[in-house]
$ cat start-v3.txt   # compact mmCIF, C-alpha atoms and all ligand atoms
# COMPACT_ATOMS: atom_id res chain seq x y z
CA MET L 236 -11.71 -0.37 -18.71
CA GLU L 237 -13.67 0.43 -21.86
CA ARG L 238 -13.26 3.45 -24.08
CA ALA L 239 -16.90 4.47 -23.67
CA THR L 240 -16.73 4.57 -19.88
CA THR L 241 -13.17 5.76 -19.30
CA ASP L 242 -12.78 9.41 -18.32
CA PRO L 243 -10.67 11.08 -21.07
CA ALA L 244 -8.42 12.66 -18.43
CA GLN L 245 -7.73 9.23 -16.94
CA ASP L 246 -7.04 7.87 -20.42
CA ARG L 247 -4.46 10.65 -20.97
CA THR L 248 -2.71 10.38 -17.63
CA ALA L 249 -2.56 6.57 -17.84
CA ARG L 250 -0.91 6.78 -21.26
CA ALA L 251 1.53 9.38 -19.95
CA GLY L 252 2.39 7.08 -17.03
CA LEU L 253 2.94 4.14 -19.36
CA SER L 254 5.12 6.25 -21.66
CA ALA L 255 7.23 7.43 -18.72
CA ALA L 256 7.85 3.81 -17.71
CA LEU L 257 8.75 2.85 -21.28
CA GLU L 258 11.14 5.80 -21.54
CA ALA L 259 12.90 4.81 -18.32
CA ALA L 260 13.54 1.34 -19.76
CA ILE L 261 14.46 2.61 -23.24
CA ALA L 262 17.11 4.94 -21.76
CA ILE L 263 18.83 1.91 -20.24
CA LEU L 264 18.42 -0.55 -23.09
CA GLN L 265 19.46 1.71 -25.95
CA THR L 266 22.82 2.39 -24.35
CA GLY L 267 23.50 -1.33 -23.99
CA GLY L 268 22.18 -1.63 -20.44
CA HIS L 269 20.82 -4.77 -18.84
CA ALA L 270 17.27 -6.07 -19.14
CA LEU L 271 17.22 -6.45 -15.35
CA ASP L 272 17.96 -2.76 -14.83
CA ALA L 273 15.39 -1.82 -17.45
CA VAL L 274 12.50 -3.76 -15.89
CA GLU L 275 13.37 -2.50 -12.41
CA ALA L 276 13.47 1.11 -13.66
CA ALA L 277 10.14 0.80 -15.49
CA VAL L 278 8.42 -0.75 -12.49
CA ARG L 279 9.84 1.89 -10.13
CA VAL L 280 8.25 4.61 -12.25
CA LEU L 281 4.91 2.81 -12.12
CA GLU L 282 5.20 2.14 -8.36
CA ASP L 283 5.70 5.86 -7.71
CA ASP L 284 2.76 6.80 -9.95
CA THR L 285 -0.47 6.86 -7.89
CA GLN L 286 -2.58 5.74 -10.85
CA PHE L 287 -1.34 2.19 -10.68
CA ASN L 288 -1.97 -0.46 -8.05
CA ALA L 289 1.62 -0.89 -6.91
CA GLY L 290 3.78 0.96 -4.38
CA ARG L 291 2.25 4.44 -3.98
CA GLY L 292 -1.45 4.20 -4.91
CA SER L 293 -1.83 0.54 -3.95
CA VAL L 294 -5.23 -0.77 -2.95
CA PHE L 295 -6.24 -1.22 0.69
CA THR L 296 -6.68 -4.47 2.58
CA ALA L 297 -9.95 -5.08 4.44
CA GLU L 298 -8.26 -3.72 7.57
CA GLY L 299 -7.39 -0.47 5.75
CA ARG L 300 -3.69 -1.17 5.35
CA ILE L 301 -1.50 -1.36 2.27
CA GLU L 302 0.48 -4.56 1.75
CA CYS L 303 2.62 -4.76 -1.39
CA ASP L 304 3.95 -7.78 -3.26
CA ALA L 305 6.71 -7.78 -5.90
CA ALA L 306 9.01 -10.11 -7.81
CA ILE L 307 11.92 -9.81 -10.20
CA MET L 308 13.73 -12.47 -12.23
CA GLU L 309 16.52 -12.59 -14.77
CA GLY L 310 16.76 -15.17 -17.52
CA ASN L 311 20.50 -15.78 -17.69
CA ASN L 312 21.07 -17.63 -14.40
CA ARG L 313 17.39 -17.68 -13.46
CA MET L 314 18.09 -15.69 -10.33
CA ALA L 315 14.92 -14.42 -8.67
CA GLY L 316 13.80 -12.33 -5.71
CA ALA L 317 10.33 -11.72 -4.30
CA VAL L 318 8.56 -10.07 -1.38
CA ALA L 319 5.01 -10.24 -0.05
CA GLY L 320 3.03 -8.15 2.41
CA VAL L 321 5.56 -5.31 2.49
CA ARG L 322 4.26 -2.23 4.34
CA SER L 323 7.03 0.27 4.82
CA THR L 324 9.33 0.02 1.79
CA ARG L 325 8.85 2.71 -0.83
CA ASN L 326 9.73 0.58 -3.86
CA PRO L 327 8.93 -3.11 -3.33
CA ILE L 328 10.65 -3.98 -6.62
CA VAL L 329 13.94 -2.56 -5.35
CA LEU L 330 13.56 -4.77 -2.29
CA ALA L 331 12.78 -7.83 -4.43
CA ARG L 332 15.99 -7.22 -6.36
CA ALA L 333 17.96 -6.87 -3.13
CA VAL L 334 16.55 -10.19 -1.92
CA MET L 335 17.75 -11.72 -5.20
CA GLU L 336 21.21 -10.19 -5.12
CA GLN L 337 22.03 -9.75 -1.47
CA SER L 338 20.44 -12.70 0.30
CA PRO L 339 20.66 -16.44 -0.19
CA HIS L 340 16.85 -16.49 -0.38
CA VAL L 341 14.23 -15.99 -3.07
CA PHE L 342 11.10 -15.00 -1.16
CA LEU L 343 10.68 -12.92 2.02
CA ALA L 344 7.34 -11.95 3.57
CA GLY L 345 5.78 -9.45 5.96
CA SER L 346 7.69 -7.54 8.61
CA GLY L 347 10.76 -9.67 7.96
CA ALA L 348 10.92 -8.39 4.39
CA ASP L 349 10.62 -4.78 5.56
CA GLY L 350 13.29 -5.54 8.16
CA PHE L 351 15.59 -6.83 5.43
CA ALA L 352 14.99 -3.56 3.53
CA ARG L 353 16.02 -1.51 6.56
CA ALA L 354 19.08 -3.67 7.17
CA PHE L 355 20.20 -3.15 3.56
CA GLY L 356 19.51 0.60 3.44
CA ILE L 357 16.55 0.45 1.07
CA GLU L 358 14.36 3.54 1.23
CA ALA L 359 11.47 3.38 3.70
CA ALA L 360 8.12 5.15 3.40
CA SER L 361 5.37 5.76 5.96
CA PRO L 362 1.80 4.50 5.40
CA ASP L 363 0.58 7.91 4.23
CA TRP L 364 3.08 7.86 1.34
CA PHE L 365 1.22 4.90 -0.17
CA GLU L 366 -2.35 6.04 0.49
CA THR L 367 -4.63 7.83 -1.98
CA PRO L 368 -8.23 9.01 -1.46
CA GLU L 369 -9.43 7.07 -4.52
CA ARG L 370 -8.16 3.74 -3.16
CA ARG L 371 -9.77 4.55 0.20
CA ARG L 372 -13.05 5.21 -1.60
CA GLN L 373 -12.78 1.90 -3.46
CA LEU L 374 -12.32 0.04 -0.17
CA GLU L 375 -15.31 1.80 1.39
CA GLU L 376 -17.42 0.91 -1.64
CA LEU L 377 -16.43 -2.73 -1.32
CA LEU L 378 -17.01 -2.87 2.45
CA ALA L 379 -20.44 -1.29 2.01
CA ASP L 380 -21.57 -4.41 0.13
CA PRO L 381 -20.01 -7.37 1.91
CA GLU L 382 -22.27 -9.79 0.01
CA ALA L 383 -20.73 -8.84 -3.33
CA PRO L 384 -18.54 -11.56 -4.86
CA PHE L 385 -14.93 -10.91 -3.92
CA ASP L 386 -13.68 -9.72 -7.29
CA LEU L 387 -16.88 -8.44 -8.88
CA GLY L 388 -16.11 -5.43 -11.05
CA MET L 389 -12.50 -5.64 -9.98
CA LYS L 390 -9.99 -3.69 -12.01
CA TYR L 391 -6.61 -5.28 -11.83
CA GLY L 392 -3.88 -2.68 -11.64
CA THR L 393 -0.74 -4.66 -11.02
CA VAL L 394 2.28 -3.31 -12.88
CA GLY L 395 4.87 -5.33 -14.72
CA ALA L 396 7.72 -4.99 -17.15
CA VAL L 397 9.58 -7.44 -19.37
CA ALA L 398 12.65 -6.78 -21.48
CA ARG L 399 15.33 -8.32 -23.69
CA ASP L 400 18.66 -6.51 -23.90
CA THR L 401 21.34 -6.31 -26.59
CA SER L 402 23.14 -9.32 -25.05
CA GLY L 403 20.00 -11.40 -25.49
CA HIS L 404 19.24 -11.61 -21.77
CA VAL L 405 15.67 -11.25 -20.61
CA ALA L 406 14.14 -10.12 -17.32
CA ALA L 407 10.70 -9.73 -15.77
CA ALA L 408 9.43 -7.61 -12.87
CA THR L 409 5.97 -7.42 -11.33
CA SER L 410 4.65 -5.28 -8.47
CA THR L 411 1.20 -4.97 -6.91
CA GLY L 412 -0.91 -3.92 -3.98
CA GLY L 413 -2.97 -7.06 -4.67
CA LEU L 414 -6.76 -6.97 -4.47
CA THR L 415 -8.92 -4.36 -2.74
CA GLY L 416 -10.28 -5.72 0.53
CA LYS L 417 -7.91 -8.67 0.67
CA LYS L 418 -7.57 -10.23 4.12
CA TRP L 419 -5.97 -13.04 6.08
CA GLY L 420 -2.59 -12.29 4.56
CA ARG L 421 -3.83 -13.14 1.08
CA VAL L 422 -1.04 -13.15 -1.50
CA GLY L 423 -1.69 -13.32 -5.24
CA ASP L 424 0.36 -14.51 -8.16
CA SER L 425 2.56 -11.44 -8.67
CA PRO L 426 5.38 -12.34 -6.24
CA ILE L 427 5.17 -16.08 -6.93
CA ILE L 428 7.93 -17.10 -9.30
CA GLY L 429 6.37 -19.12 -12.10
CA ALA L 430 2.84 -17.84 -11.46
CA GLY L 431 2.89 -14.07 -12.08
CA THR L 432 6.55 -13.59 -12.97
CA TYR L 433 9.14 -15.67 -14.86
CA ALA L 434 12.23 -15.20 -17.02
CA ASP L 435 14.37 -17.70 -18.90
CA ASP L 436 16.79 -16.70 -21.69
CA ARG L 437 15.86 -19.89 -23.52
CA ALA L 438 12.26 -18.71 -23.85
CA GLY L 439 11.61 -15.13 -22.75
CA ALA L 440 10.22 -13.07 -19.88
CA ILE L 441 6.63 -12.97 -18.64
CA SER L 442 4.67 -10.76 -16.25
CA CYS L 443 0.98 -11.24 -15.41
CA THR L 444 -1.96 -9.25 -14.06
CA GLY L 445 -5.42 -10.38 -13.10
CA ALA L 446 -7.17 -12.69 -10.68
CA GLY L 447 -4.07 -14.06 -8.99
CA GLU L 448 -5.69 -17.22 -7.68
CA TYR L 449 -6.17 -18.50 -11.25
CA PHE L 450 -2.67 -17.52 -12.33
CA ILE L 451 -1.25 -19.46 -9.39
CA ARG L 452 -3.30 -22.56 -10.17
CA LEU L 453 -2.10 -22.58 -13.79
CA SER L 454 1.50 -21.50 -13.08
CA VAL L 455 0.85 -19.19 -16.00
CA ALA L 456 4.23 -17.48 -16.34
CA HIS L 457 6.29 -20.67 -16.12
CA GLU L 458 3.90 -22.60 -18.33
CA ILE L 459 4.26 -19.99 -21.08
CA ALA L 460 8.05 -20.11 -20.75
CA ALA L 461 8.10 -23.93 -20.73
CA ARG L 462 5.88 -24.28 -23.79
CA THR L 463 8.07 -21.79 -25.64
CA ARG L 464 11.35 -23.37 -24.55
CA LEU L 465 10.19 -26.86 -25.50
CA GLY L 466 9.07 -25.63 -28.91
CA VAL L 467 5.42 -26.48 -28.37
CA GLU L 468 4.40 -23.00 -29.58
CA ASP L 469 5.93 -19.59 -30.06
CA MET L 470 5.48 -17.24 -27.13
CA GLN L 471 2.45 -15.43 -28.53
CA ALA L 472 0.65 -18.72 -29.17
CA ALA L 473 1.62 -20.05 -25.73
CA THR L 474 0.36 -16.86 -24.10
CA ASN L 475 -2.91 -17.00 -26.03
CA ALA L 476 -3.34 -20.63 -24.98
CA LEU L 477 -2.85 -19.83 -21.30
CA ILE L 478 -5.32 -16.93 -21.45
CA ASP L 479 -7.82 -19.31 -23.08
CA GLU L 480 -7.26 -21.80 -20.29
CA LEU L 481 -7.70 -19.05 -17.71
CA SER L 482 -10.99 -18.07 -19.36
CA ILE L 483 -12.27 -21.64 -19.23
CA LEU L 484 -11.63 -21.74 -15.47
CA GLY L 485 -13.37 -18.37 -15.05
CA GLY L 486 -10.27 -16.24 -14.48
CA LYS L 487 -9.69 -12.76 -15.82
CA GLY L 488 -6.44 -11.04 -16.61
CA GLY L 489 -3.59 -10.51 -18.99
CA VAL L 490 0.05 -11.22 -19.74
CA ILE L 491 2.92 -9.24 -21.23
CA PHE L 492 5.93 -11.07 -22.65
CA ALA L 493 9.35 -10.38 -24.19
CA PRO L 494 10.48 -13.44 -26.12
CA ALA L 495 14.06 -14.57 -26.58
CA ILE L 496 13.46 -14.17 -30.31
CA GLY L 497 10.95 -11.80 -31.86
CA THR L 498 8.80 -8.89 -30.77
CA ALA L 499 7.27 -8.27 -27.35
CA GLY L 500 3.55 -8.85 -27.07
CA TRP L 501 0.58 -9.55 -24.85
CA ALA L 502 -2.78 -11.23 -24.50
CA PHE L 503 -5.72 -10.56 -22.17
CA ASN L 504 -9.37 -11.50 -21.75
CA THR L 505 -10.55 -8.22 -20.20
CA PRO L 506 -12.01 -5.27 -22.15
CA GLY L 507 -8.69 -3.47 -21.79
CA MET L 508 -5.23 -3.64 -20.29
CA TYR L 509 -2.78 -0.79 -19.77
CA ARG L 510 0.23 -1.74 -21.88
CA GLY L 511 3.06 -0.47 -24.02
CA ARG L 512 6.08 -1.68 -25.95
CA ALA L 513 9.17 -0.36 -27.67
CA ASP L 514 12.07 -1.82 -29.60
CA SER L 515 15.34 -0.87 -31.28
CA SER L 516 13.68 -0.57 -34.70
CA GLY L 517 11.74 2.43 -33.41
CA LEU L 518 8.48 0.75 -32.42
CA ARG L 519 6.72 2.81 -29.74
CA GLN L 520 3.25 1.81 -28.65
CA VAL L 521 1.03 2.58 -25.69
CA ALA L 522 -2.50 1.18 -25.52
CA ILE L 523 -5.39 0.68 -23.13
CA TYR L 524 -8.39 -0.94 -24.84
CA ALA L 525 -8.69 -4.23 -26.68
CA GLY L 526 -8.16 -3.87 -30.41
CA GLU L 527 -5.83 -0.85 -30.16
N1 LIG T 601 -2.57 -10.28 -9.88
C1 LIG T 601 -2.76 -9.43 -8.73
C2 LIG T 601 -3.11 -10.28 -7.54
O1 LIG T 601 -3.85 -11.22 -7.68
C3 LIG T 601 -3.84 -8.41 -8.91
C4 LIG T 601 -3.71 -7.55 -10.12
O2 LIG T 601 -3.23 -7.99 -11.15
O3 LIG T 601 -4.14 -6.37 -10.03
O4 LIG T 601 -2.67 -9.94 -6.46
$ encode --input "start-v3.txt" --output "structure tokens"
Amino acid sequence: MERATTDPAQDRTARAGLSAALEAAIAILQTGGHALDAVEAAVRVLEDDTQFNAGRGSVFTAEGRIECDAAIMEGNNRMAGAVAGVRSTRNPIVLARAVMEQSPHVFLAGSGADGFARAFGIEAASPDWFETPERRRQLEELLADPEAPFDLGMKYGTVGAVARDTSGHVAAATSTGGLTGKKWGRVGDSPIIGAGTYADDRAGAISCTGAGEYFIRLSVAHEIAARTRLGVEDMQAATNALIDELSILGGKGGVIFAPAIGTAGWAFNTPGMYRGRADSSGLRQVAIYAGE
């Protein structure tokens, strides 16, 4: 994801997609709505947009299926909901929220999670809703070179949103198709509370993208929240520190955060990361490449 090699049309449509997600969240937050509703709305927009690796437009597994993971968390009571390996639910983030609010559980997986969605009237979608020719092509390219390292040249396309509302509550939501060519029921960090997603009003909200295995090993999202809550560092410094640690272990990726106090931000060790932020002072920013 570098300016020199990104097709200008892709650059434009990605920015438009990011702006649409921001607008969905702004509409809720500026009328006094909840951070939880804002992050769900933003992620729904991105799940329905085929450009991003979540919901519609997710990457394919090695077997040519689409298996989505998602998580949502709110920072007031630290309620959380997550799903993994979902195959027939249009918006996995909506399902994650239902798990949080309508079940005594935090994490449901596979056909059971889709079954929960049907039982609770959450919109279903058939496999062809999720599939795009570009993702199919990416799988074929990967399968054509089975010797290639698993995540060589991988572009991480997980979507996430974090927000703080006018009551001071924070929330985080993350949704992904995972990694192209994943198999054996592989699940990354995105739906794992504390790894790819975390929210705590005493610190802030965090959502991650990148090589999930590294984010799981470092409990990145919770570690950032813990360091902030304990006053070790502010959230930007804690996020930078975790990305540095990720780099040392060989992991690639990025983090977005909304702190309990201060302005939302991010850090990443890739050449670019789709991102955007807005606040009540009028800040509006959408960016792709490092240094923007
Ligand atoms: N973090 C996701 C995973 O490992 C991938 C991504 O960010 O695109 O499943």
$ residues_near_ligand --input "start-v3.txt" --ligand "ligand LIG 601 (chain T)" --cutoff "8 Å" --atoms "all atoms listed in the file" --output "ChimeraX atom specification"
/L:288,304,390-394,411-414,422-425,431,443-448,450,488
$ write_last_selection --input "start-v3.txt" --atoms "C-alpha atoms" --output "PDB file, in the coordinates of the input"
ATOM      1  CA  ASN L 288      -1.970  -0.460  -8.050  1.00  0.00           C
ATOM      2  CA  ASP L 304       3.950  -7.780  -3.260  1.00  0.00           C
ATOM      3  CA  LYS L 390      -9.990  -3.690 -12.010  1.00  0.00           C
ATOM      4  CA  TYR L 391      -6.610  -5.280 -11.830  1.00  0.00           C
ATOM      5  CA  GLY L 392      -3.880  -2.680 -11.640  1.00  0.00           C
ATOM      6  CA  THR L 393      -0.740  -4.660 -11.020  1.00  0.00           C
ATOM      7  CA  VAL L 394       2.280  -3.310 -12.880  1.00  0.00           C
ATOM      8  CA  THR L 411       1.200  -4.970  -6.910  1.00  0.00           C
ATOM      9  CA  GLY L 412      -0.910  -3.920  -3.980  1.00  0.00           C
ATOM     10  CA  GLY L 413      -2.970  -7.060  -4.670  1.00  0.00           C
ATOM     11  CA  LEU L 414      -6.760  -6.970  -4.470  1.00  0.00           C
ATOM     12  CA  VAL L 422      -1.040 -13.150  -1.500  1.00  0.00           C
ATOM     13  CA  GLY L 423      -1.690 -13.320  -5.240  1.00  0.00           C
ATOM     14  CA  ASP L 424       0.360 -14.510  -8.160  1.00  0.00           C
ATOM     15  CA  SER L 425       2.560 -11.440  -8.670  1.00  0.00           C
ATOM     16  CA  GLY L 431       2.890 -14.070 -12.080  1.00  0.00           C
ATOM     17  CA  CYS L 443       0.980 -11.240 -15.410  1.00  0.00           C
ATOM     18  CA  THR L 444      -1.960  -9.250 -14.060  1.00  0.00           C
ATOM     19  CA  GLY L 445      -5.420 -10.380 -13.100  1.00  0.00           C
ATOM     20  CA  ALA L 446      -7.170 -12.690 -10.680  1.00  0.00           C
ATOM     21  CA  GLY L 447      -4.070 -14.060  -8.990  1.00  0.00           C
ATOM     22  CA  GLU L 448      -5.690 -17.220  -7.680  1.00  0.00           C
ATOM     23  CA  PHE L 450      -2.670 -17.520 -12.330  1.00  0.00           C
ATOM     24  CA  GLY L 488      -6.440 -11.040 -16.610  1.00  0.00           C
TER      25      GLY L 488
END
$ closest_residue --input "start-v3.txt" --among "L:Glu237, L:Glu298, L:Glu336, L:Glu258" --to "Asp514 in chain L" --atoms "all atoms listed in the file"
L:Glu258
$ closest_atom_pairs --input "start-v3.txt" --of "range 253-297 of chain L" --to "range 354-365 of chain L" --cutoff "7 Å" --atoms "all atoms listed in the file" --output "tab-separated table"
residue	atom	partner	partner_atom	distance
L:Gly290	CA	L:Phe365	CA	6.3
L:Arg291	CA	L:Phe365	CA	4.0
L:Gly292	CA	L:Phe365	CA	5.5
L:Ser293	CA	L:Phe365	CA	6.5
$ residues_around --input "start-v3.txt" --residues "Thr498 in chain L" --least-positions-apart "6" --cutoff "10 Å" --atoms "all atoms listed in the file" --output "VMD selection string"
chain L and resid 399 470 to 471 492 512 to 514 518
$ write_last_selection --input "start-v3.txt" --atoms "C-alpha atoms" --output "JSON list (two decimals), in the frame of the given file"
[["chain", "number", "residue", "atom", "x", "y", "z"],
["L", 399, "ARG", "CA", 15.33, -8.32, -23.69],
["L", 470, "MET", "CA", 5.48, -17.24, -27.13],
["L", 471, "GLN", "CA", 2.45, -15.43, -28.53],
["L", 492, "PHE", "CA", 5.93, -11.07, -22.65],
["L", 512, "ARG", "CA", 6.08, -1.68, -25.95],
["L", 513, "ALA", "CA", 9.17, -0.36, -27.67],
["L", 514, "ASP", "CA", 12.07, -1.82, -29.60],
["L", 518, "LEU", "CA", 8.48, 0.75, -32.42]]
$ closest_residue --input "start-v3.txt" --among "L:Arg452, L:Arg371, L:Arg300, L:His340" --to "Met314 in chain L" --atoms "all atoms listed in the file"
L:His340
$ axis_aligned_box --input "start-v3.txt" --around "range 315-328 of chain L" --padding-each-side "5 Å" --output "lines of an AutoDock Vina configuration file"
center_x = 9.0
center_y = -5.9
center_z = -1.9
size_x = 21.9
size_y = 27.1
size_z = 23.5
$ atom_distance --input "start-v3.txt" --atom1 "CA of Val318 in chain L" --atom2 "CA of Asp284 in chain L"
19.8 Å
$ closest_residue --input "start-v3.txt" --among "L:Ala438, L:Ile523, L:Val294, L:Ile478" --to "Phe503 in chain L" --atoms "only C-alpha atoms"
L:Ile478
$ closest_residue --input "start-v3.txt" --among "L:Gly252, L:Gly403, L:Gly420, L:Pro426" --to "Ala305 in chain L" --atoms "all atoms listed in the file"
L:Pro426
